[in-house]
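Asks: This is work_14.cif (mmCIF, C-alpha atoms and all ligand atoms).
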data_run
loop_
_atom_site.label_atom_id
_atom_site.label_comp_id
_atom_site.auth_asym_id
_atom_site.auth_seq_id
_atom_site.Cartn_x
_atom_site.Cartn_y
_atom_site.Cartn_z
CA MET A 640 6.31 -31.27 25.40
CA MET A 641 3.96 -28.49 24.53
CA PHE A 642 2.94 -28.13 20.90
CA GLU A 643 0.77 -31.24 20.94
CA THR A 644 -1.34 -29.60 23.63
CA LEU A 645 -2.49 -27.12 21.00
CA LYS A 646 -5.20 -27.58 18.40
CA LYS A 647 -4.33 -26.78 14.81
CA ALA A 648 -5.30 -23.18 14.02
CA PRO A 649 -8.14 -22.79 11.50
CA ALA A 650 -6.84 -22.59 7.92
CA ASP A 651 -7.39 -19.28 6.14
CA LYS A 652 -10.15 -19.99 3.63
CA ILE A 653 -8.89 -17.49 1.07
CA PHE A 654 -5.39 -18.97 0.95
CA ALA A 655 -6.87 -22.48 0.72
CA LEU A 656 -8.89 -21.35 -2.29
CA VAL A 657 -5.73 -19.93 -3.92
CA ALA A 658 -4.10 -23.36 -3.61
CA GLU A 659 -7.18 -25.09 -5.01
CA PHE A 660 -7.26 -22.73 -7.99
CA LYS A 661 -3.59 -23.31 -8.69
CA ALA A 662 -4.09 -27.08 -8.69
CA ASP A 663 -7.06 -26.90 -11.10
CA ASP A 664 -5.74 -27.80 -14.57
CA ARG A 665 -8.76 -26.59 -16.58
CA ALA A 666 -7.49 -24.04 -19.11
CA ASP A 667 -10.61 -21.86 -18.89
CA LYS A 668 -10.54 -21.46 -15.08
CA VAL A 669 -11.35 -18.00 -13.73
CA ASP A 670 -10.07 -16.66 -10.40
CA LEU A 671 -12.43 -14.18 -8.75
CA GLY A 672 -11.08 -15.13 -5.30
CA ILE A 673 -8.25 -13.36 -3.50
CA GLY A 674 -8.46 -9.57 -3.20
CA VAL A 675 -5.63 -8.50 -5.43
CA TYR A 676 -6.12 -6.04 -8.31
CA LYS A 677 -5.57 -7.52 -11.75
CA ASP A 678 -4.96 -5.80 -15.08
CA PRO A 679 -6.60 -6.88 -18.38
CA HIS A 680 -3.97 -9.64 -18.71
CA GLY A 681 -4.87 -11.07 -15.32
CA SER A 682 -1.59 -10.00 -13.73
CA THR A 683 -0.79 -7.62 -10.90
CA PRO A 684 2.14 -5.57 -12.22
CA ILE A 685 4.07 -2.97 -10.26
CA MET A 686 2.53 0.45 -10.95
CA SER A 687 4.67 2.65 -13.15
CA ALA A 688 4.87 5.50 -10.58
CA VAL A 689 5.92 2.92 -7.98
CA LYS A 690 8.61 1.49 -10.25
CA LYS A 691 10.06 4.96 -10.85
CA ALA A 692 9.87 5.93 -7.18
CA GLU A 693 11.50 2.65 -6.22
CA HIS A 694 14.49 3.38 -8.51
CA SER A 695 14.92 6.81 -6.90
CA VAL A 696 14.55 5.42 -3.39
CA ILE A 697 17.18 2.75 -3.99
CA GLY A 698 19.52 5.25 -5.65
CA ALA A 699 19.16 7.81 -2.87
CA ALA A 700 19.36 5.41 0.06
CA ALA A 701 22.50 5.91 2.15
CA THR A 702 21.71 3.73 5.15
CA LYS A 703 19.68 0.79 6.35
CA THR A 704 19.72 1.80 9.97
CA TYR A 705 16.45 1.67 11.93
CA VAL A 706 13.76 4.05 10.81
CA GLY A 707 12.39 4.63 14.35
CA VAL A 708 9.49 3.22 16.32
CA THR A 709 6.85 5.44 14.72
CA GLY A 710 8.26 4.88 11.24
CA ASN A 711 8.83 7.15 8.27
CA ARG A 712 7.59 10.59 9.37
CA GLY A 713 7.33 11.98 5.85
CA PHE A 714 5.10 9.03 4.94
CA CYS A 715 2.91 9.58 8.02
CA ASP A 716 2.46 13.28 7.20
CA ALA A 717 1.77 12.65 3.50
CA VAL A 718 -0.77 9.89 4.22
CA SER A 719 -2.51 11.96 6.92
CA ASP A 720 -2.81 14.78 4.42
CA LEU A 721 -4.03 12.45 1.64
CA VAL A 722 -6.74 11.00 3.87
CA PHE A 723 -7.88 13.96 5.96
CA ALA A 724 -6.86 17.01 3.85
CA ASP A 725 -7.94 20.01 5.95
CA SER A 726 -10.82 18.31 7.77
CA VAL A 727 -8.94 18.35 11.10
CA PRO A 728 -6.00 20.43 12.43
CA SER A 729 -2.67 18.63 12.09
CA ASP A 730 -1.87 18.95 15.83
CA ARG A 731 -4.81 16.62 16.48
CA ILE A 732 -3.42 13.88 14.22
CA ALA A 733 -1.05 11.21 15.57
CA ALA A 734 0.19 8.74 12.97
CA VAL A 735 2.55 5.81 13.07
CA GLN A 736 3.66 3.87 10.05
CA ALA A 737 2.80 0.19 10.45
CA PRO A 738 3.09 -3.02 8.40
CA GLY A 739 0.13 -2.67 6.05
CA GLY A 740 -3.49 -2.07 6.92
CA THR A 741 -3.47 -5.18 9.10
CA GLY A 742 -0.48 -3.98 11.17
CA SER A 743 -2.20 -0.62 11.52
CA LEU A 744 -5.42 -2.22 12.74
CA TRP A 745 -3.41 -4.28 15.19
CA VAL A 746 -1.88 -1.15 16.73
CA LEU A 747 -5.28 0.59 16.88
CA PHE A 748 -7.16 -2.35 18.40
CA GLN A 749 -4.53 -2.51 21.13
CA LEU A 750 -4.77 1.23 21.70
CA LEU A 751 -8.55 0.90 22.02
CA LYS A 752 -8.14 -1.95 24.52
CA ARG A 753 -5.68 0.15 26.57
CA ALA A 754 -7.91 3.20 26.60
CA LYS A 755 -11.23 1.38 27.08
CA PRO A 756 -10.58 -2.08 28.55
CA ASN A 757 -14.30 -2.86 28.70
CA ALA A 758 -15.08 -1.74 25.18
CA THR A 759 -17.30 -3.75 22.88
CA ILE A 760 -16.46 -3.27 19.23
CA TYR A 761 -19.25 -3.46 16.65
CA LEU A 762 -18.32 -4.84 13.24
CA SER A 763 -20.44 -4.68 10.08
CA ASP A 764 -22.38 -7.84 9.23
CA PRO A 765 -20.58 -9.14 7.22
CA THR A 766 -17.03 -7.80 7.34
CA TRP A 767 -13.45 -8.66 6.35
CA PRO A 768 -12.87 -12.06 8.00
CA ASN A 769 -9.73 -10.89 9.81
CA HIS A 770 -11.48 -8.18 11.86
CA LYS A 771 -13.18 -10.43 14.40
CA PRO A 772 -10.23 -12.70 15.25
CA MET A 773 -7.93 -9.69 15.53
CA CYS A 774 -10.31 -7.89 17.93
CA GLU A 775 -10.71 -11.04 19.96
CA ALA A 776 -6.95 -11.61 20.10
CA VAL A 777 -6.61 -8.18 21.71
CA GLY A 778 -9.35 -9.07 24.22
CA LEU A 779 -12.10 -6.82 22.87
CA LYS A 780 -15.70 -7.98 23.06
CA VAL A 781 -17.15 -8.23 19.55
CA GLU A 782 -20.69 -7.60 18.31
CA THR A 783 -22.07 -6.82 14.87
CA TYR A 784 -24.29 -4.11 13.42
CA PRO A 785 -26.72 -4.79 10.54
CA TYR A 786 -25.16 -3.78 7.24
CA PHE A 787 -25.93 -5.75 4.10
CA ASP A 788 -29.22 -6.84 2.61
CA ALA A 789 -28.26 -9.81 0.40
CA GLU A 790 -31.67 -9.77 -1.29
CA THR A 791 -31.21 -6.32 -2.78
CA GLY A 792 -27.42 -5.99 -2.61
CA THR A 793 -27.76 -2.72 -0.71
CA VAL A 794 -26.94 -1.34 2.73
CA LYS A 795 -29.66 -1.80 5.36
CA PHE A 796 -29.05 1.73 6.46
CA ASP A 797 -32.07 2.26 8.69
CA GLU A 798 -31.27 -0.87 10.70
CA MET A 799 -27.60 0.05 10.86
CA LEU A 800 -28.37 3.54 12.13
CA ALA A 801 -30.87 2.27 14.69
CA CYS A 802 -28.14 -0.02 16.06
CA LEU A 803 -25.56 2.79 16.17
CA ASP A 804 -28.05 5.09 17.88
CA GLY A 805 -28.34 2.52 20.67
CA LEU A 806 -24.58 2.48 21.45
CA GLY A 807 -22.83 4.30 24.27
CA PRO A 808 -19.38 5.67 25.22
CA ASP A 809 -18.02 2.20 26.07
CA ASP A 810 -18.76 1.00 22.55
CA ALA A 811 -16.63 1.24 19.44
CA VAL A 812 -17.70 0.89 15.82
CA LEU A 813 -15.53 -0.30 12.96
CA LEU A 814 -16.53 1.36 9.68
CA HIS A 815 -15.16 0.60 6.23
CA GLY A 816 -14.05 3.97 4.86
CA CYS A 817 -15.05 3.07 1.28
CA CYS A 818 -15.31 0.03 -1.02
CA HIS A 819 -16.75 -2.28 1.64
CA ASN A 820 -15.14 -5.71 1.84
CA PRO A 821 -16.75 -8.17 1.13
CA THR A 822 -20.05 -6.65 -0.03
CA GLY A 823 -19.12 -3.71 -2.30
CA ALA A 824 -22.13 -1.80 -0.90
CA ASN A 825 -21.22 1.59 0.54
CA LEU A 826 -22.64 4.51 2.47
CA THR A 827 -23.68 7.61 0.55
CA PRO A 828 -22.39 11.03 1.74
CA GLU A 829 -25.82 11.70 3.31
CA GLN A 830 -25.59 8.41 5.20
CA TRP A 831 -22.09 9.27 6.42
CA ASP A 832 -23.50 12.56 7.71
CA LYS A 833 -26.07 10.61 9.71
CA VAL A 834 -23.44 8.21 11.07
CA ALA A 835 -21.33 11.19 12.17
CA ALA A 836 -24.34 12.78 13.89
CA SER A 837 -25.13 9.49 15.64
CA LEU A 838 -21.57 9.06 16.95
CA LYS A 839 -21.56 12.65 18.13
CA LYS A 840 -24.79 12.06 20.02
CA THR A 841 -23.97 8.68 21.61
CA GLY A 842 -20.25 9.15 22.29
CA ALA A 843 -19.49 5.77 20.68
CA PHE A 844 -15.97 5.66 19.29
CA ALA A 845 -15.26 5.04 15.58
CA ILE A 846 -12.41 3.23 13.88
CA VAL A 847 -12.27 3.58 10.11
CA ASP A 848 -10.63 0.85 8.04
CA LEU A 849 -9.48 2.52 4.82
CA ALA A 850 -7.90 -0.17 2.65
CA TYR A 851 -9.16 0.94 -0.79
CA LEU A 852 -8.87 4.73 -1.01
CA GLY A 853 -9.21 5.67 -4.69
CA PHE A 854 -10.75 2.36 -5.79
CA GLY A 855 -14.34 3.62 -5.55
CA ASP A 856 -15.27 7.01 -7.02
CA GLY A 857 -12.04 8.99 -6.55
CA ILE A 858 -9.69 9.99 -3.75
CA THR A 859 -11.80 12.89 -2.50
CA GLU A 860 -15.06 10.99 -2.90
CA ASP A 861 -13.72 7.89 -1.13
CA ALA A 862 -12.31 9.98 1.74
CA TYR A 863 -15.68 11.65 2.36
CA GLY A 864 -16.64 9.47 5.33
CA ALA A 865 -13.26 9.69 7.05
CA ARG A 866 -13.14 13.47 6.59
CA LYS A 867 -16.71 13.92 7.73
CA LEU A 868 -16.11 11.97 10.93
CA ALA A 869 -12.79 13.75 11.56
CA SER A 870 -14.50 17.12 11.32
CA GLU A 871 -17.45 16.15 13.51
CA VAL A 872 -16.38 13.81 16.31
CA PRO A 873 -13.80 14.65 19.00
CA GLU A 874 -11.81 11.43 18.71
CA LEU A 875 -11.30 8.95 15.89
CA MET A 876 -8.91 6.24 14.69
CA LEU A 877 -8.15 5.18 11.12
CA ALA A 878 -6.11 2.36 9.59
CA PHE A 879 -4.72 3.19 6.15
CA SER A 880 -3.39 0.58 3.74
CA ALA A 881 -1.20 1.30 0.70
CA SER A 882 -1.41 -2.35 -0.38
CA LYS A 883 -4.12 -1.89 -3.03
CA ASN A 884 -4.01 1.71 -4.19
CA PHE A 885 -0.22 1.67 -4.57
CA GLY A 886 -0.08 -2.06 -5.36
CA LEU A 887 2.51 -2.50 -2.61
CA TYR A 888 0.97 -5.59 -1.03
CA ARG A 889 4.12 -7.42 0.00
CA GLU A 890 5.98 -4.30 1.12
CA ARG A 891 3.55 -3.90 4.04
CA ALA A 892 2.99 -0.15 3.98
CA GLY A 893 0.22 1.30 6.13
CA ALA A 894 -0.50 3.90 8.79
CA ALA A 895 -2.29 3.77 12.13
CA ILE A 896 -3.79 7.19 12.77
CA ALA A 897 -5.38 8.51 15.96
CA ILE A 898 -7.16 11.85 16.18
CA GLY A 899 -7.36 13.29 19.67
CA LYS A 900 -9.65 15.96 21.06
CA ASP A 901 -6.70 18.36 21.44
CA ALA A 902 -2.93 18.42 20.98
CA ASP A 903 -2.22 17.06 24.50
CA ALA A 904 -4.53 14.06 24.13
CA THR A 905 -3.07 13.42 20.68
CA ALA A 906 0.48 13.37 22.09
CA ILE A 907 -0.63 10.77 24.65
CA ALA A 908 -2.14 8.65 21.88
CA LEU A 909 1.10 8.88 19.87
CA SER A 910 3.26 7.83 22.80
CA ASN A 911 1.00 4.84 23.47
CA MET A 912 1.06 3.81 19.82
CA GLY A 913 4.86 4.02 19.92
CA ASN A 914 4.87 1.81 23.00
CA ILE A 915 2.54 -0.72 21.36
CA VAL A 916 4.78 -0.83 18.28
CA ARG A 917 7.92 -1.25 20.42
CA THR A 918 6.46 -4.23 22.22
CA SER A 919 4.96 -5.78 19.05
CA TYR A 920 7.59 -5.57 16.30
CA SER A 921 9.79 -2.67 17.47
CA GLN A 922 9.90 -0.80 14.15
CA PRO A 923 8.18 -0.99 10.78
CA PRO A 924 9.84 -1.81 7.42
CA ASP A 925 10.69 1.32 5.43
CA HIS A 926 10.90 0.46 1.74
CA GLY A 927 7.21 0.63 0.77
CA ALA A 928 6.55 3.65 2.97
CA GLU A 929 9.42 5.60 1.45
CA ILE A 930 8.07 4.85 -2.04
CA VAL A 931 4.64 6.15 -1.02
CA ARG A 932 6.18 9.24 0.60
CA LEU A 933 8.07 10.08 -2.57
CA ILE A 934 5.05 9.57 -4.82
CA LEU A 935 2.75 11.67 -2.67
CA THR A 936 5.22 14.55 -2.30
CA GLU A 937 6.79 14.70 -5.77
CA PRO A 938 4.28 16.33 -8.16
CA THR A 939 5.18 14.41 -11.35
CA LEU A 940 5.10 11.02 -9.64
CA ARG A 941 1.92 11.96 -7.84
CA ALA A 942 0.17 12.90 -11.08
CA GLU A 943 1.28 9.64 -12.67
CA TRP A 944 0.06 7.62 -9.69
CA GLU A 945 -3.31 9.38 -9.67
CA THR A 946 -3.72 8.67 -13.39
CA GLU A 947 -2.91 4.99 -12.94
CA LEU A 948 -5.25 4.74 -9.96
CA LYS A 949 -8.00 6.34 -12.05
CA GLU A 950 -7.45 3.79 -14.81
CA MET A 951 -7.75 0.94 -12.31
CA ARG A 952 -10.90 2.44 -10.80
CA GLU A 953 -12.50 3.02 -14.20
CA ARG A 954 -11.63 -0.48 -15.35
CA MET A 955 -13.41 -1.96 -12.33
CA ALA A 956 -16.46 0.28 -12.88
CA ARG A 957 -16.59 -0.79 -16.54
CA LEU A 958 -16.38 -4.49 -15.65
CA ARG A 959 -19.15 -4.02 -13.10
CA GLN A 960 -21.40 -2.42 -15.69
CA LYS A 961 -20.61 -5.09 -18.29
CA LEU A 962 -21.40 -7.96 -15.93
CA ALA A 963 -24.63 -6.36 -14.71
CA ASP A 964 -25.69 -5.63 -18.31
CA ALA A 965 -24.86 -9.16 -19.49
CA ILE A 966 -26.90 -10.73 -16.68
CA ARG A 967 -29.82 -8.38 -17.28
CA GLU A 968 -29.84 -9.08 -21.04
CA ARG A 969 -29.90 -12.81 -20.47
CA SER A 970 -32.37 -12.94 -17.60
CA ASN A 971 -34.53 -9.95 -18.41
CA ALA A 972 -34.44 -9.23 -14.68
CA SER A 973 -32.73 -6.66 -12.49
CA ASP A 974 -31.61 -9.12 -9.78
CA PHE A 975 -27.92 -8.41 -10.30
CA ASP A 976 -28.09 -4.72 -11.24
CA PHE A 977 -26.54 -3.98 -7.85
CA VAL A 978 -23.17 -5.18 -9.18
CA ALA A 979 -22.97 -1.96 -11.22
CA GLU A 980 -23.94 0.18 -8.22
CA HIS A 981 -21.31 -1.32 -5.94
CA ARG A 982 -17.86 0.22 -5.69
CA GLY A 983 -14.33 -1.07 -5.18
CA MET A 984 -12.91 -4.46 -5.90
CA PHE A 985 -15.69 -6.66 -4.53
CA SER A 986 -19.34 -7.55 -4.81
CA LEU A 987 -21.16 -10.08 -2.70
CA LEU A 988 -23.47 -11.87 -5.13
CA GLY A 989 -25.73 -13.39 -2.48
CA LEU A 990 -25.34 -17.00 -3.72
CA THR A 991 -25.63 -20.01 -1.44
CA PRO A 992 -22.48 -22.05 -0.61
CA GLU A 993 -23.91 -24.80 -2.87
CA GLN A 994 -24.22 -22.40 -5.79
CA VAL A 995 -20.66 -21.16 -5.21
CA ASP A 996 -19.47 -24.76 -5.19
CA HIS A 997 -21.44 -25.56 -8.33
CA LEU A 998 -19.70 -22.70 -10.18
CA LYS A 999 -16.32 -24.00 -9.08
CA VAL A 1000 -16.97 -27.62 -10.00
CA LYS A 1001 -18.95 -27.09 -13.20
CA ASN A 1002 -17.56 -23.84 -14.61
CA ALA A 1003 -14.07 -23.60 -13.01
CA LEU A 1004 -15.26 -20.23 -11.70
CA TYR A 1005 -13.67 -19.53 -8.33
CA MET A 1006 -15.06 -17.08 -5.79
CA ILE A 1007 -14.96 -16.85 -1.98
CA GLY A 1008 -17.40 -19.18 -0.20
CA ASP A 1009 -19.66 -16.30 0.86
CA SER A 1010 -20.05 -15.49 -2.91
CA ARG A 1011 -17.69 -12.50 -2.91
CA ILE A 1012 -16.23 -11.89 -6.36
CA ASN A 1013 -13.13 -9.88 -7.21
CA ILE A 1014 -14.34 -7.60 -9.99
CA ALA A 1015 -10.78 -7.00 -11.25
CA GLY A 1016 -10.44 -10.73 -11.91
CA ILE A 1017 -13.23 -10.78 -14.53
CA PRO A 1018 -11.81 -11.50 -18.01
CA GLU A 1019 -13.34 -8.69 -20.07
CA ASP A 1020 -13.79 -10.85 -23.19
CA ARG A 1021 -15.64 -13.57 -21.26
CA VAL A 1022 -18.24 -11.53 -19.39
CA GLY A 1023 -21.12 -13.21 -21.28
CA GLU A 1024 -19.84 -16.63 -20.33
CA LEU A 1025 -19.63 -15.60 -16.65
CA ALA A 1026 -23.16 -14.21 -16.79
CA ASP A 1027 -24.41 -17.52 -18.23
CA ALA A 1028 -22.62 -19.48 -15.52
CA ILE A 1029 -23.95 -17.30 -12.68
CA LEU A 1030 -27.50 -17.54 -14.04
CA SER A 1031 -27.28 -21.30 -14.44
CA ALA A 1032 -26.14 -21.61 -10.82
CA VAL A 1033 -29.04 -19.58 -9.43
CA ARG A 1034 -31.76 -21.20 -11.53
N1 LIG A 1101 -8.95 -4.12 5.77
C1 LIG A 1101 -9.65 -4.59 4.74
C2 LIG A 1101 -11.11 -4.32 4.70
C3 LIG A 1101 -9.02 -5.31 3.75
O1 LIG A 1101 -9.74 -5.78 2.72
C4 LIG A 1101 -7.63 -5.53 3.82
C5 LIG A 1101 -6.90 -6.29 2.77
N2 LIG A 1101 -7.47 -7.44 2.32
C6 LIG A 1101 -6.95 -5.01 4.92
C7 LIG A 1101 -7.64 -4.31 5.86
C8 LIG A 1101 -5.47 -5.22 5.13
O2 LIG A 1101 -4.65 -4.87 4.13
P1 LIG A 1101 -3.08 -5.08 4.19
O3 LIG A 1101 -2.76 -6.09 3.14
O4 LIG A 1101 -2.53 -3.74 3.89
O5 LIG A 1101 -2.69 -5.55 5.55
#
Turn the structure described in the file into structure tokens.
Replies:
Amino acid sequence: MMFETLKKAPADKIFALVAEFKADDRADKVDLGIGVYKDPHGSTPIMSAVKKAEHSVIGAAATKTYVGVTGNRGFCDAVSDLVFADSVPSDRIAAVQAPGGTGSLWVLFQLLKRAKPNATIYLSDPTWPNHKPMCEAVGLKVETYPYFDAETGTVKFDEMLACLDGLGPDDAVLLHGCCHNPTGANLTPEQWDKVAASLKKTGAFAIVDLAYLGFGDGITEDAYGARKLASEVPELMLAFSASKNFGLYRERAGAAIAIGKDADATAIALSNMGNIVRTSYSQPPDHGAEIVRLILTEPTLRAEWETELKEMRERMARLRQKLADAIRERSNASDFDFVAEHRGMFSLLGLTPEQVDHLKVKNALYMIGDSRINIAGIPEDRVGELADAILSAVR
């Protein structure tokens, strides 16, 4: 007998909250929990460009044979181009298509462990809750770098940079490319320039997690950090997710990208990524990746996708501004102005676990235990009510 020798694995807090929300029968309940984009009706529909591309993909498909260990090559090229544009020569880019951003991170963490078995990886404090257990599962040592000041809702950049400046070539740093999860606080272009200069100086290795490209200020603006690093440092890795910006969550479309110092080193990285994939899940699923490839390479679909993405981004920015304004009007204080400055789908409000619980019990307002809210979940016609609830919890 063996299973009883194991302990139960820790339950995922986000999925537990989803179940709790579902079971709540209060009609006015509000879900600001799980990180899924929602439209003004509170649903997550398939994007119109995706729907059209999907029809074409199904119509054109002639086979379901394996796509190959490194996945859909057209997808890999199109995503590499979308993310890096001309910031780095294409013969220094090795990309494999992987199951979502998580699958991509999994491949990259293993590649890091292979290349630098003694590496310590530094994660932002706080970060996406899956980063640490994934790094540990691969056998990497994990530390954190200072990132978020919950008092002001801003990045503690001086402390972050001082930490990065103290790293060395056996250290790796995981950076959120844009739209930081869970805080919503992001680096400015000038701060990215300083991070790039620090990495160049210390030889520490960077991995960029890019799960929200286009959700912040625009595709080019959101890619600034990734492009800056790619043009400055000799080696880099990046995990791309198409889950949010293409709304393809369940299709598991993502790319693990390694940039090598030259074409030979890049070829070695690609062969190792292929080997990691082969021994993990052999080959990725194709459907979502083929949809993304078609959208990115067919001009009409691409324009439609970019327009839809812009609408989503602008809706989130508008909701941010409305919530910040409503809280300011009611409290006559600027304590939550940072919500409007943040970018992407999340803001960390800086509430205590008791305050978060109070909002759930008293107001049927659900957010993650660390006080992360999903901006896209805010009902636009009830912003005032949310502002009242948040203020009553903090008073
Ligand atoms: N990184 C971050 C920071 C994320 O927020 C997410 C999604 N929640 C991922 C990676 C993984 O995304 P995917 O669903 O594509 O695996």
Asks: Go through A:Leu838, A:Ile915, A:Ile673, A:Ala701 and flag the residue nearest Val746 of chain A, using all atoms listed in the file for the distances.
Replies: A:Ile915
Asks: Would you compute the distance between atom CA of Pro785 of chain A and atom CA of Gly805 of chain A? Give it in Å to one decimal.
Replies: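 That distance, rounded to one decimal, is 12.6 Å.
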Asks: Show me, as a count of residues only, the residues that have an atom within 9 Å of Gln960 of chain A when counting all atoms listed in the file, minus same-chain residues fewer than 6 positions from it.
Replies: 4
Asks: Which residue, A:Ser837, A:Thr859, A:Thr822, A:Ser882, has the smallest gap to Ser1010 of chain A when you use all atoms listed in the file?
Replies: A:Thr822
Asks: Using all atoms listed in the file, which of A:Glu890, A:Glu937, A:Glu1019, A:Asp725 sits nearest ligand LIG 1101 (chain A)?
Replies: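 So, comparing all the options, the nearest one is A:Glu890.
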Asks: Could you pull out the residues sitting within 10 Å of ligand LIG 1101 (chain A), using all atoms listed in the file, and write them as a PyMOL selection string?
Replies: chain A and resi 673-675+737-745+766-770+814-821+847-851+878-884+886-894+984-985
Asks: Take the residues from that selection and write them out as a JSON list (two decimals), in the coordinates of the input, keeping C-alpha atoms.
Replies:
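Result file is result.json:
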[["chain", "number", "residue", "atom", "x", "y", "z"],
["A", 673, "ILE", "CA", -8.25, -13.36, -3.50],
["A", 674, "GLY", "CA", -8.46, -9.57, -3.20],
["A", 675, "VAL", "CA", -5.63, -8.50, -5.43],
["A", 737, "ALA", "CA", 2.80, 0.19, 10.45],
["A", 738, "PRO", "CA", 3.09, -3.02, 8.40],
["A", 739, "GLY", "CA", 0.13, -2.67, 6.05],
["A", 740, "GLY", "CA", -3.49, -2.07, 6.92],
["A", 741, "THR", "CA", -3.47, -5.18, 9.10],
["A", 742, "GLY", "CA", -0.48, -3.98, 11.17],
["A", 743, "SER", "CA", -2.20, -0.62, 11.52],
["A", 744, "LEU", "CA", -5.42, -2.22, 12.74],
["A", 745, "TRP", "CA", -3.41, -4.28, 15.19],
["A", 766, "THR", "CA", -17.03, -7.80, 7.34],
["A", 767, "TRP", "CA", -13.45, -8.66, 6.35],
["A", 768, "PRO", "CA", -12.87, -12.06, 8.00],
["A", 769, "ASN", "CA", -9.73, -10.89, 9.81],
["A", 770, "HIS", "CA", -11.48, -8.18, 11.86],
["A", 814, "LEU", "CA", -16.53, 1.36, 9.68],
["A", 815, "HIS", "CA", -15.16, 0.60, 6.23],
["A", 816, "GLY", "CA", -14.05, 3.97, 4.86],
["A", 817, "CYS", "CA", -15.05, 3.07, 1.28],
["A", 818, "CYS", "CA", -15.31, 0.03, -1.02],
["A", 819, "HIS", "CA", -16.75, -2.28, 1.64],
["A", 820, "ASN", "CA", -15.14, -5.71, 1.84],
["A", 821, "PRO", "CA", -16.75, -8.17, 1.13],
["A", 847, "VAL", "CA", -12.27, 3.58, 10.11],
["A", 848, "ASP", "CA", -10.63, 0.85, 8.04],
["A", 849, "LEU", "CA", -9.48, 2.52, 4.82],
["A", 850, "ALA", "CA", -7.90, -0.17, 2.65],
["A", 851, "TYR", "CA", -9.16, 0.94, -0.79],
["A", 878, "ALA", "CA", -6.11, 2.36, 9.59],
["A", 879, "PHE", "CA", -4.72, 3.19, 6.15],
["A", 880, "SER", "CA", -3.39, 0.58, 3.74],
["A", 881, "ALA", "CA", -1.20, 1.30, 0.70],
["A", 882, "SER", "CA", -1.41, -2.35, -0.38],
["A", 883, "LYS", "CA", -4.12, -1.89, -3.03],
["A", 884, "ASN", "CA", -4.01, 1.71, -4.19],
["A", 886, "GLY", "CA", -0.08, -2.06, -5.36],
["A", 887, "LEU", "CA", 2.51, -2.50, -2.61],
["A", 888, "TYR", "CA", 0.97, -5.59, -1.03],
["A", 889, "ARG", "CA", 4.12, -7.42, 0.00],
["A", 890, "GLU", "CA", 5.98, -4.30, 1.12],
["A", 891, "ARG", "CA", 3.55, -3.90, 4.04],
["A", 892, "ALA", "CA", 2.99, -0.15, 3.98],
["A", 893, "GLY", "CA", 0.22, 1.30, 6.13],
["A", 894, "ALA", "CA", -0.50, 3.90, 8.79],
["A", 984, "MET", "CA", -12.91, -4.46, -5.90],
["A", 985, "PHE", "CA", -15.69, -6.66, -4.53]]
Asks: Given the choices A:Val735, A:Leu803, A:Leu762, A:Cys715, which gets closest to Gln922 of chain A if the distance is worked out from all atoms listed in the file?
Replies: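 For Gln922 of chain A, the nearest of the given residues is A:Val735.
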Asks: Rounded to one decimal in Å, what is the spacing between atom CA of Ile930 of chain A and atom CA of Ser910 of chain A?
Replies: 25.5 Å
Asks: With only C-alpha atoms as the atoms that count, which of A:Cys774, A:Val727, A:Leu800, A:Ala928 lies nearest to Ala869 of chain A?
Replies: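 Closest to Ala869 of chain A, using only C-alpha atoms: A:Val727.
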Asks: Leaving out Ile966 of chain A and any residue of its chain fewer than 4 positions from it, which residues lie within 12 Å of it when counting all atoms listed in the file, given as a PDB file with C-alpha atoms, in the frame of the given file?
Replies:
ATOM      1  CA  ARG A 959     -19.150  -4.020 -13.100  1.00  0.00           C
ATOM      2  CA  GLN A 960     -21.400  -2.420 -15.690  1.00  0.00           C
ATOM      3  CA  LYS A 961     -20.610  -5.090 -18.290  1.00  0.00           C
ATOM      4  CA  LEU A 962     -21.400  -7.960 -15.930  1.00  0.00           C
ATOM      5  CA  SER A 970     -32.370 -12.940 -17.600  1.00  0.00           C
ATOM      6  CA  ASN A 971     -34.530  -9.950 -18.410  1.00  0.00           C
ATOM      7  CA  ALA A 972     -34.440  -9.230 -14.680  1.00  0.00           C
ATOM      8  CA  SER A 973     -32.730  -6.660 -12.490  1.00  0.00           C
ATOM      9  CA  ASP A 974     -31.610  -9.120  -9.780  1.00  0.00           C
ATOM     10  CA  PHE A 975     -27.920  -8.410 -10.300  1.00  0.00           C
ATOM     11  CA  ASP A 976     -28.090  -4.720 -11.240  1.00  0.00           C
ATOM     12  CA  PHE A 977     -26.540  -3.980  -7.850  1.00  0.00           C
ATOM     13  CA  VAL A 978     -23.170  -5.180  -9.180  1.00  0.00           C
ATOM     14  CA  ALA A 979     -22.970  -1.960 -11.220  1.00  0.00           C
ATOM     15  CA  VAL A1022     -18.240 -11.530 -19.390  1.00  0.00           C
ATOM     16  CA  GLY A1023     -21.120 -13.210 -21.280  1.00  0.00           C
ATOM     17  CA  GLU A1024     -19.840 -16.630 -20.330  1.00  0.00           C
ATOM     18  CA  LEU A1025     -19.630 -15.600 -16.650  1.00  0.00           C
ATOM     19  CA  ALA A1026     -23.160 -14.210 -16.790  1.00  0.00           C
ATOM     20  CA  ASP A1027     -24.410 -17.520 -18.230  1.00  0.00           C
ATOM     21  CA  ALA A1028     -22.620 -19.480 -15.520  1.00  0.00           C
ATOM     22  CA  ILE A1029     -23.950 -17.300 -12.680  1.00  0.00           C
ATOM     23  CA  LEU A1030     -27.500 -17.540 -14.040  1.00  0.00           C
ATOM     24  CA  SER A1031     -27.280 -21.300 -14.440  1.00  0.00           C
ATOM     25  CA  VAL A1033     -29.040 -19.580  -9.430  1.00  0.00           C
TER      26      VAL A1033
END
